[in-house]
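Engineer: This one is query_1.txt, compact mmCIF, N, CA, C and O atoms.
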```txt
# COMPACT_ATOMS: atom_id res chain seq x y z
N VAL C 1 -61.44 32.71 49.48
CA VAL C 1 -61.59 33.93 48.71
C VAL C 1 -61.58 33.62 47.22
O VAL C 1 -62.37 34.17 46.47
N LEU C 2 -60.70 32.74 46.80
CA LEU C 2 -60.61 32.38 45.39
C LEU C 2 -61.95 31.85 44.88
O LEU C 2 -62.42 32.25 43.82
N GLN C 3 -62.57 30.98 45.64
CA GLN C 3 -63.86 30.43 45.23
C GLN C 3 -64.93 31.51 45.15
O GLN C 3 -65.75 31.52 44.24
N ALA C 4 -64.89 32.46 46.06
CA ALA C 4 -65.87 33.55 46.04
C ALA C 4 -65.73 34.39 44.78
O ALA C 4 -66.71 34.95 44.28
N ILE C 5 -64.52 34.45 44.23
CA ILE C 5 -64.28 35.25 43.03
C ILE C 5 -64.79 34.54 41.78
O ILE C 5 -65.32 35.18 40.87
N VAL C 6 -64.66 33.22 41.73
CA VAL C 6 -64.92 32.52 40.47
C VAL C 6 -66.21 31.71 40.42
O VAL C 6 -66.62 31.30 39.34
N VAL C 7 -66.86 31.48 41.55
CA VAL C 7 -68.08 30.68 41.55
C VAL C 7 -69.29 31.59 41.69
O VAL C 7 -69.49 32.20 42.74
N PRO C 8 -70.11 31.70 40.63
CA PRO C 8 -71.30 32.54 40.72
C PRO C 8 -72.36 31.91 41.63
O PRO C 8 -72.35 30.70 41.86
N THR C 9 -73.24 32.74 42.13
CA THR C 9 -74.32 32.24 42.98
C THR C 9 -75.63 32.91 42.59
O THR C 9 -75.64 34.05 42.14
N ASP C 10 -76.71 32.17 42.76
CA ASP C 10 -78.04 32.72 42.51
C ASP C 10 -78.63 33.36 43.76
O ASP C 10 -79.63 34.06 43.69
N ASP C 11 -78.00 33.09 44.89
CA ASP C 11 -78.50 33.62 46.15
C ASP C 11 -77.91 35.02 46.37
O ASP C 11 -76.69 35.17 46.53
N PRO C 12 -78.75 36.06 46.36
CA PRO C 12 -78.22 37.42 46.50
C PRO C 12 -77.49 37.65 47.82
O PRO C 12 -76.55 38.44 47.88
N HIS C 13 -77.89 36.96 48.88
CA HIS C 13 -77.23 37.13 50.17
C HIS C 13 -75.81 36.54 50.14
O HIS C 13 -74.88 37.14 50.66
N VAL C 14 -75.68 35.39 49.51
CA VAL C 14 -74.37 34.76 49.37
C VAL C 14 -73.49 35.61 48.46
O VAL C 14 -72.31 35.83 48.74
N GLY C 15 -74.07 36.14 47.39
CA GLY C 15 -73.32 37.00 46.48
C GLY C 15 -72.81 38.25 47.16
O GLY C 15 -71.65 38.64 46.99
N LEU C 16 -73.66 38.87 47.98
CA LEU C 16 -73.26 40.06 48.72
C LEU C 16 -72.15 39.73 49.71
O LEU C 16 -71.16 40.46 49.83
N ALA C 17 -72.29 38.62 50.40
CA ALA C 17 -71.27 38.20 51.36
C ALA C 17 -69.94 37.94 50.65
O ALA C 17 -68.88 38.35 51.13
N ALA C 18 -70.00 37.28 49.50
CA ALA C 18 -68.78 36.99 48.74
C ALA C 18 -68.12 38.28 48.27
O ALA C 18 -66.90 38.45 48.40
N ARG C 19 -68.91 39.21 47.73
CA ARG C 19 -68.35 40.49 47.27
C ARG C 19 -67.73 41.27 48.42
O ARG C 19 -66.68 41.90 48.28
N THR C 20 -68.37 41.20 49.58
CA THR C 20 -67.86 41.91 50.75
C THR C 20 -66.51 41.34 51.18
O THR C 20 -65.56 42.09 51.45
N VAL C 21 -66.40 40.02 51.22
CA VAL C 21 -65.14 39.38 51.61
C VAL C 21 -64.04 39.69 50.60
O VAL C 21 -62.92 40.05 50.97
N VAL C 22 -64.36 39.58 49.32
CA VAL C 22 -63.37 39.85 48.27
C VAL C 22 -62.92 41.31 48.35
O VAL C 22 -61.73 41.60 48.27
N ALA C 23 -63.86 42.22 48.54
CA ALA C 23 -63.51 43.64 48.63
C ALA C 23 -62.63 43.91 49.85
O ALA C 23 -61.63 44.62 49.75
N ARG C 24 -62.99 43.34 50.97
CA ARG C 24 -62.26 43.60 52.20
C ARG C 24 -60.86 42.98 52.20
O ARG C 24 -59.89 43.60 52.65
N ARG C 25 -60.73 41.79 51.64
CA ARG C 25 -59.46 41.06 51.76
C ARG C 25 -58.52 41.24 50.57
O ARG C 25 -57.33 41.03 50.71
N THR C 26 -59.06 41.58 49.41
CA THR C 26 -58.18 41.65 48.23
C THR C 26 -58.27 42.99 47.52
O THR C 26 -57.30 43.73 47.45
N VAL C 27 -59.41 43.30 46.98
CA VAL C 27 -59.56 44.49 46.16
C VAL C 27 -59.34 45.77 46.96
O VAL C 27 -58.60 46.66 46.53
N GLY C 28 -59.94 45.86 48.12
CA GLY C 28 -59.86 47.08 48.91
C GLY C 28 -58.44 47.51 49.27
O GLY C 28 -58.04 48.64 48.98
N PRO C 29 -57.66 46.62 49.87
CA PRO C 29 -56.29 47.02 50.21
C PRO C 29 -55.45 47.39 48.98
O PRO C 29 -54.67 48.34 49.01
N LEU C 30 -55.63 46.64 47.91
CA LEU C 30 -54.89 46.94 46.69
C LEU C 30 -55.35 48.26 46.08
O LEU C 30 -54.53 49.09 45.67
N ARG C 31 -56.65 48.50 46.07
CA ARG C 31 -57.20 49.77 45.58
C ARG C 31 -56.62 50.94 46.36
O ARG C 31 -56.21 51.94 45.80
N ASP C 32 -56.58 50.79 47.68
CA ASP C 32 -56.06 51.86 48.53
C ASP C 32 -54.59 52.14 48.23
O ASP C 32 -54.17 53.30 48.18
N ARG C 33 -53.83 51.10 48.02
CA ARG C 33 -52.41 51.26 47.71
C ARG C 33 -52.21 51.96 46.36
O ARG C 33 -51.38 52.85 46.22
N ILE C 34 -53.01 51.54 45.38
CA ILE C 34 -52.93 52.16 44.06
C ILE C 34 -53.35 53.62 44.12
O ILE C 34 -52.69 54.50 43.55
N ALA C 35 -54.44 53.90 44.82
CA ALA C 35 -54.92 55.28 44.95
C ALA C 35 -53.90 56.15 45.67
O ALA C 35 -53.71 57.32 45.31
N ALA C 36 -53.24 55.59 46.67
CA ALA C 36 -52.23 56.34 47.41
C ALA C 36 -51.06 56.73 46.50
O ALA C 36 -50.40 57.74 46.74
N GLY C 37 -50.87 55.95 45.45
CA GLY C 37 -49.83 56.27 44.48
C GLY C 37 -50.27 57.31 43.47
O GLY C 37 -49.51 57.68 42.58
N GLY C 38 -51.52 57.78 43.59
CA GLY C 38 -52.01 58.85 42.74
C GLY C 38 -52.52 58.40 41.38
O GLY C 38 -52.73 59.23 40.50
N LEU C 39 -52.74 57.11 41.22
CA LEU C 39 -53.21 56.63 39.92
C LEU C 39 -54.72 56.75 39.81
O LEU C 39 -55.45 56.63 40.80
N ASP C 40 -55.19 56.96 38.58
CA ASP C 40 -56.63 57.02 38.34
C ASP C 40 -57.20 55.60 38.25
O ASP C 40 -56.47 54.64 38.12
N ARG C 41 -58.50 55.50 38.34
CA ARG C 41 -59.23 54.23 38.23
C ARG C 41 -58.66 53.14 39.13
O ARG C 41 -58.48 52.00 38.72
N ALA C 42 -58.40 53.50 40.38
CA ALA C 42 -57.77 52.57 41.32
C ALA C 42 -58.59 51.30 41.52
O ALA C 42 -58.05 50.21 41.59
N GLU C 43 -59.89 51.44 41.60
CA GLU C 43 -60.76 50.26 41.80
C GLU C 43 -60.66 49.32 40.61
O GLU C 43 -60.53 48.11 40.78
N LEU C 44 -60.73 49.86 39.40
CA LEU C 44 -60.62 49.03 38.20
C LEU C 44 -59.25 48.37 38.13
O LEU C 44 -59.14 47.18 37.84
N ARG C 45 -58.21 49.11 38.41
CA ARG C 45 -56.86 48.54 38.40
C ARG C 45 -56.75 47.39 39.40
O ARG C 45 -56.17 46.35 39.11
N ALA C 46 -57.30 47.59 40.58
CA ALA C 46 -57.25 46.56 41.62
C ALA C 46 -58.03 45.32 41.19
O ALA C 46 -57.56 44.19 41.37
N GLU C 47 -59.20 45.51 40.62
CA GLU C 47 -59.99 44.36 40.19
C GLU C 47 -59.32 43.61 39.05
O GLU C 47 -59.37 42.37 39.00
N ILE C 48 -58.66 44.31 38.14
CA ILE C 48 -57.93 43.65 37.06
C ILE C 48 -56.78 42.83 37.64
O ILE C 48 -56.56 41.68 37.23
N ALA C 49 -56.07 43.39 38.60
CA ALA C 49 -54.97 42.66 39.23
C ALA C 49 -55.48 41.42 39.95
O ALA C 49 -54.89 40.33 39.82
N VAL C 50 -56.57 41.54 40.69
CA VAL C 50 -57.14 40.40 41.40
C VAL C 50 -57.61 39.34 40.40
O VAL C 50 -57.38 38.13 40.61
N ALA C 51 -58.23 39.76 39.32
CA ALA C 51 -58.68 38.81 38.30
C ALA C 51 -57.49 38.07 37.68
O ALA C 51 -57.54 36.85 37.45
N ALA C 52 -56.41 38.80 37.40
CA ALA C 52 -55.22 38.18 36.83
C ALA C 52 -54.62 37.16 37.80
O ALA C 52 -54.28 36.04 37.40
N LEU C 53 -54.50 37.54 39.06
CA LEU C 53 -53.96 36.63 40.05
C LEU C 53 -54.84 35.40 40.24
O LEU C 53 -54.34 34.29 40.41
N THR C 54 -56.14 35.60 40.18
CA THR C 54 -57.07 34.48 40.29
C THR C 54 -56.88 33.52 39.13
O THR C 54 -56.83 32.29 39.32
N GLY C 55 -56.78 34.05 37.92
CA GLY C 55 -56.56 33.21 36.75
C GLY C 55 -55.25 32.44 36.83
O GLY C 55 -55.19 31.25 36.47
N ILE C 56 -54.21 33.09 37.32
CA ILE C 56 -52.92 32.41 37.47
C ILE C 56 -53.05 31.27 38.47
O ILE C 56 -52.59 30.14 38.22
N ALA C 57 -53.69 31.52 39.60
CA ALA C 57 -53.86 30.49 40.61
C ALA C 57 -54.69 29.32 40.09
O ALA C 57 -54.35 28.15 40.32
N LEU C 58 -55.76 29.61 39.37
CA LEU C 58 -56.60 28.55 38.82
C LEU C 58 -55.86 27.72 37.78
O LEU C 58 -55.91 26.49 37.80
N ALA C 59 -55.19 28.39 36.87
CA ALA C 59 -54.45 27.68 35.82
C ALA C 59 -53.33 26.85 36.42
O ALA C 59 -53.07 25.72 35.98
N ARG C 60 -52.68 27.38 37.42
CA ARG C 60 -51.58 26.66 38.06
C ARG C 60 -52.09 25.39 38.75
O ARG C 60 -51.50 24.33 38.62
N SER C 61 -53.20 25.50 39.44
CA SER C 61 -53.73 24.33 40.16
C SER C 61 -54.39 23.32 39.23
O SER C 61 -54.38 22.12 39.52
N ALA C 62 -54.93 23.79 38.11
CA ALA C 62 -55.60 22.87 37.18
C ALA C 62 -54.60 22.03 36.39
O ALA C 62 -54.92 20.94 35.93
N GLY C 63 -53.39 22.55 36.23
CA GLY C 63 -52.37 21.81 35.51
C GLY C 63 -52.52 21.82 34.00
O GLY C 63 -51.81 21.10 33.30
N THR C 64 -53.41 22.64 33.48
CA THR C 64 -53.63 22.66 32.03
C THR C 64 -52.53 23.44 31.30
O THR C 64 -52.33 23.23 30.11
N LEU C 65 -51.86 24.32 32.01
CA LEU C 65 -50.72 25.03 31.44
C LEU C 65 -49.48 24.42 32.09
O LEU C 65 -49.09 24.78 33.20
N ALA C 66 -48.88 23.48 31.39
CA ALA C 66 -47.84 22.63 31.97
C ALA C 66 -46.66 23.39 32.55
O ALA C 66 -46.22 23.10 33.67
N VAL C 67 -46.16 24.36 31.83
CA VAL C 67 -44.98 25.09 32.32
C VAL C 67 -45.35 25.90 33.55
O VAL C 67 -44.61 25.92 34.55
N LEU C 68 -46.49 26.57 33.51
CA LEU C 68 -46.95 27.33 34.67
C LEU C 68 -47.16 26.41 35.87
O LEU C 68 -46.78 26.74 37.00
N GLY C 69 -47.74 25.25 35.62
CA GLY C 69 -48.03 24.31 36.70
C GLY C 69 -46.79 23.75 37.38
O GLY C 69 -46.82 23.41 38.56
N THR C 70 -45.70 23.67 36.64
CA THR C 70 -44.48 23.10 37.22
C THR C 70 -43.43 24.15 37.57
O THR C 70 -42.39 23.81 38.13
N ALA C 71 -43.69 25.40 37.26
CA ALA C 71 -42.73 26.46 37.57
C ALA C 71 -42.60 26.63 39.08
O ALA C 71 -43.55 26.38 39.83
N SER C 72 -41.44 27.07 39.51
CA SER C 72 -41.25 27.32 40.94
C SER C 72 -42.11 28.51 41.36
O SER C 72 -42.40 29.40 40.56
N THR C 73 -42.50 28.48 42.60
CA THR C 73 -43.30 29.58 43.13
C THR C 73 -42.56 30.91 42.98
O THR C 73 -43.16 31.92 42.61
N SER C 74 -41.27 30.89 43.23
CA SER C 74 -40.51 32.14 43.13
C SER C 74 -40.49 32.68 41.70
O SER C 74 -40.58 33.89 41.49
N ASP C 75 -40.41 31.79 40.71
CA ASP C 75 -40.45 32.24 39.32
C ASP C 75 -41.82 32.82 38.97
O ASP C 75 -41.91 33.86 38.30
N VAL C 76 -42.86 32.16 39.41
CA VAL C 76 -44.22 32.65 39.14
C VAL C 76 -44.43 34.01 39.79
O VAL C 76 -44.95 34.94 39.16
N ILE C 77 -43.98 34.17 41.02
CA ILE C 77 -44.12 35.45 41.71
C ILE C 77 -43.33 36.53 40.99
O ILE C 77 -43.83 37.64 40.77
N GLU C 78 -42.11 36.24 40.62
CA GLU C 78 -41.26 37.23 39.96
C GLU C 78 -41.89 37.74 38.67
O GLU C 78 -42.00 38.94 38.43
N ILE C 79 -42.35 36.83 37.83
CA ILE C 79 -42.92 37.22 36.54
C ILE C 79 -44.27 37.89 36.73
O ILE C 79 -44.59 38.88 36.06
N THR C 80 -45.06 37.41 37.68
CA THR C 80 -46.36 38.02 37.95
C THR C 80 -46.18 39.45 38.45
O THR C 80 -46.91 40.36 38.03
N GLU C 81 -45.21 39.66 39.32
CA GLU C 81 -44.93 41.03 39.78
C GLU C 81 -44.57 41.94 38.62
O GLU C 81 -45.03 43.08 38.55
N GLN C 82 -43.77 41.45 37.70
CA GLN C 82 -43.38 42.25 36.54
C GLN C 82 -44.61 42.60 35.71
O GLN C 82 -44.75 43.74 35.25
N LEU C 83 -45.48 41.63 35.49
CA LEU C 83 -46.68 41.86 34.69
C LEU C 83 -47.64 42.84 35.36
O LEU C 83 -48.21 43.72 34.70
N LEU C 84 -47.81 42.70 36.65
CA LEU C 84 -48.81 43.53 37.36
C LEU C 84 -48.28 44.91 37.73
O LEU C 84 -49.06 45.79 38.06
N ARG C 85 -47.01 45.09 37.67
CA ARG C 85 -46.44 46.39 37.98
C ARG C 85 -47.07 47.48 37.10
O ARG C 85 -47.32 48.59 37.55
N GLY C 86 -47.35 47.14 35.87
CA GLY C 86 -47.96 48.10 34.95
C GLY C 86 -49.36 48.53 35.38
O GLY C 86 -49.81 49.63 35.08
N VAL C 87 -50.06 47.66 36.10
CA VAL C 87 -51.40 47.99 36.57
C VAL C 87 -51.33 48.97 37.73
O VAL C 87 -52.17 49.85 37.89
N ALA C 88 -50.28 48.85 38.52
CA ALA C 88 -50.17 49.64 39.75
C ALA C 88 -49.20 50.82 39.62
O ALA C 88 -48.95 51.51 40.60
N GLU C 89 -48.67 51.05 38.44
CA GLU C 89 -47.73 52.17 38.28
C GLU C 89 -48.24 53.14 37.25
O GLU C 89 -48.97 52.85 36.39
```
Go ahead and express the file in the form of structure tokens.
Structural biologist:
Amino acid sequence: VLQAIVVPTDDPHVGLAARTVVARRTVGPLRDRIAAGGLDRAELRAEIAVAALTGIALARSAGTLAVLGTASTSDVIEITEQLLRGVAE
């Protein structure tokens, strides 16, 4: 799913398949949860959250942000939850 989010394609069929998977597995469930909370622009909020999580995962695996790369998973989750709470509340 991560690769589908960050790797562009020239093939419209592959692009559609990637968007479908991303929507079904990440954006859709989050959008539904946000909408159920009565917030406006649920789709945009969900896509921003997915984009943020994708960037965190990429930066963490690339090792270019040293502290992020070596932080414990629990610390990264805790701080990420705090940051994203504003998107979903």
Engineer: Taking (-50.2, 37.4, 37.6) in the coordinates of the supplied file, I want to know which residues reach to within 5 Å of it, counting only N, CA, C and O atoms; could you give the answer as a list in words?
Structural biologist: Ala52, Leu53 and Thr80 of chain C
Engineer: I'd like to know which of C:Gly55, C:Ser61, C:Ala35, C:Val22 is closest to Val1 in chain C, using all atoms listed in the file.
Structural biologist: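 Nearest candidate to Val1 in chain C out of C:Gly55, C:Ser61, C:Ala35, C:Val22: C:Val22.
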Engineer: So the first atom is CA of Thr64 in chain C and the second is CA of Ile5 in chain C; what is the distance between them in Å, to one decimal place?
Structural biologist: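 One can read the CA of Thr64 in chain C to CA of Ile5 in chain C distance as 19.8 Å.
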Engineer: So how many Å separate CA of Glu47 in chain C and atom C of Pro29 in chain C, to one decimal?
Structural biologist: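 Value for the CA of Glu47 in chain C-atom C of Pro29 in chain C distance: 10.3 Å.
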Engineer: Just list as JSON, numbers by chain whatever in chain C DSSP marks as helix (DSSP H, G or I).
Structural biologist: {"C": [2, 3, 4, 5, 6, 12, 13, 14, 15, 16, 17, 18, 19, 20, 21, 22, 23, 24, 25, 26, 27, 28, 29, 30, 31, 32, 33, 34, 35, 36, 42, 43, 44, 45, 46, 47, 48, 49, 50, 51, 52, 53, 54, 55, 56, 57, 58, 59, 60, 61, 62, 66, 67, 68, 69, 70, 73, 74, 75, 76, 77, 78, 79, 80, 81, 82, 83, 84, 85, 86, 87, 88]}
Engineer: Just give me the residues with any atom within 9 Å of (-54.5, 56.1, 35.8), file coordinates, counting only C-alpha atoms, written as a PyMOL selection string.
Structural biologist: chain C and resi 38-42+45+87-89
Engineer: Next, the residues of the selection above should be written as a CSV table (one decimal), keeping the file's coordinate frame with N, CA, C and O atoms.
Structural biologist:
```
chain,number,residue,atom,x,y,z
C,38,GLY,N,-51.5,57.8,43.6
C,38,GLY,CA,-52.0,58.8,42.7
C,38,GLY,C,-52.5,58.4,41.4
C,38,GLY,O,-52.7,59.2,40.5
C,39,LEU,N,-52.7,57.1,41.2
C,39,LEU,CA,-53.2,56.6,39.9
C,39,LEU,C,-54.7,56.8,39.8
C,39,LEU,O,-55.4,56.6,40.8
C,40,ASP,N,-55.2,57.0,38.6
C,40,ASP,CA,-56.6,57.0,38.3
C,40,ASP,C,-57.2,55.6,38.2
C,40,ASP,O,-56.5,54.6,38.1
C,41,ARG,N,-58.5,55.5,38.3
C,41,ARG,CA,-59.2,54.2,38.2
C,41,ARG,C,-58.7,53.1,39.1
C,41,ARG,O,-58.5,52.0,38.7
C,42,ALA,N,-58.4,53.5,40.4
C,42,ALA,CA,-57.8,52.6,41.3
C,42,ALA,C,-58.6,51.3,41.5
C,42,ALA,O,-58.0,50.2,41.6
C,45,ARG,N,-58.2,49.1,38.4
C,45,ARG,CA,-56.9,48.5,38.4
C,45,ARG,C,-56.8,47.4,39.4
C,45,ARG,O,-56.2,46.4,39.1
C,87,VAL,N,-50.1,47.7,36.1
C,87,VAL,CA,-51.4,48.0,36.6
C,87,VAL,C,-51.3,49.0,37.7
C,87,VAL,O,-52.2,49.8,37.9
C,88,ALA,N,-50.3,48.8,38.5
C,88,ALA,CA,-50.2,49.6,39.8
C,88,ALA,C,-49.2,50.8,39.6
C,88,ALA,O,-49.0,51.5,40.6
C,89,GLU,N,-48.7,51.0,38.4
C,89,GLU,CA,-47.7,52.2,38.3
C,89,GLU,C,-48.2,53.1,37.2
C,89,GLU,O,-49.0,52.8,36.4
```
Engineer: Measure the distance from CA of Leu83 in chain C to CA of Pro8 in chain C in Å and round it to one decimal.
Structural biologist: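 It comes out at 27.0 Å.
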Engineer: Just checking: using only C-alpha atoms, which residue out of C:Val50, C:Gly15, C:Thr9, C:Ala57 ends up closest to Thr73 in chain C?
Structural biologist: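 Ranking C:Val50, C:Gly15, C:Thr9, C:Ala57 by distance to Thr73 in chain C, first place goes to C:Ala57.
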Engineer: Could you check which of C:Val14, C:Gly63, C:Leu84, C:Ile34 is closest to Ala49 in chain C, using all atoms listed in the file?
Structural biologist: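 Closest residue, counting all atoms listed in the file: C:Leu84.
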Engineer: Could you list, as an mmCIF file with N, CA, C and O atoms, in the frame of the given file, every residue within 8 Å of Thr26 in chain C, counting only N, CA, C and O atoms and ignoring same-chain residues fewer than 5 positions away?
Structural biologist:
```
data_model
loop_
_atom_site.group_PDB
_atom_site.id
_atom_site.type_symbol
_atom_site.label_atom_id
_atom_site.label_comp_id
_atom_site.auth_asym_id
_atom_site.auth_seq_id
_atom_site.Cartn_x
_atom_site.Cartn_y
_atom_site.Cartn_z
ATOM 1 N N ARG C 19 -68.910 39.210 47.730
ATOM 2 C CA ARG C 19 -68.350 40.490 47.270
ATOM 3 C C ARG C 19 -67.730 41.270 48.420
ATOM 4 O O ARG C 19 -66.680 41.900 48.280
ATOM 5 N N THR C 20 -68.370 41.200 49.580
ATOM 6 C CA THR C 20 -67.860 41.910 50.750
ATOM 7 C C THR C 20 -66.510 41.340 51.180
ATOM 8 O O THR C 20 -65.560 42.090 51.450
ATOM 9 N N VAL C 21 -66.400 40.020 51.220
ATOM 10 C CA VAL C 21 -65.140 39.380 51.610
ATOM 11 C C VAL C 21 -64.040 39.690 50.600
ATOM 12 O O VAL C 21 -62.920 40.050 50.970
ATOM 13 N N ARG C 31 -56.650 48.500 46.070
ATOM 14 C CA ARG C 31 -57.200 49.770 45.580
ATOM 15 C C ARG C 31 -56.620 50.940 46.360
ATOM 16 O O ARG C 31 -56.210 51.940 45.800
ATOM 17 N N ASP C 32 -56.580 50.790 47.680
ATOM 18 C CA ASP C 32 -56.060 51.860 48.530
ATOM 19 C C ASP C 32 -54.590 52.140 48.230
ATOM 20 O O ASP C 32 -54.170 53.300 48.180
ATOM 21 N N ALA C 46 -57.300 47.590 40.580
ATOM 22 C CA ALA C 46 -57.250 46.560 41.620
ATOM 23 C C ALA C 46 -58.030 45.320 41.190
ATOM 24 O O ALA C 46 -57.560 44.190 41.370
ATOM 25 N N GLU C 47 -59.200 45.510 40.620
ATOM 26 C CA GLU C 47 -59.990 44.360 40.190
ATOM 27 C C GLU C 47 -59.320 43.610 39.050
ATOM 28 O O GLU C 47 -59.370 42.370 39.000
ATOM 29 N N VAL C 50 -56.570 41.540 40.690
ATOM 30 C CA VAL C 50 -57.140 40.400 41.400
ATOM 31 C C VAL C 50 -57.610 39.340 40.400
ATOM 32 O O VAL C 50 -57.380 38.130 40.610
#
```
Engineer: Return the single residue from C:Leu30, C:Ala17, C:Thr54, C:Arg24 that is closest to Leu2 in chain C, with distances computed using only C-alpha atoms.
Structural biologist: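 With only C-alpha atoms as the atom set, the closest residue is C:Thr54.
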Engineer: Using 3 Å of padding on each side, determine the axis-aligned box around all atoms of range 8-11 of chain C present in the file and give its centre and edge lengths in Å to one decimal, as JSON.
Structural biologist:
```
{"center_x": -74.9, "center_y": 32.9, "center_z": 43.6, "size_x": 15.5, "size_y": 10.5, "size_z": 11.9}
```
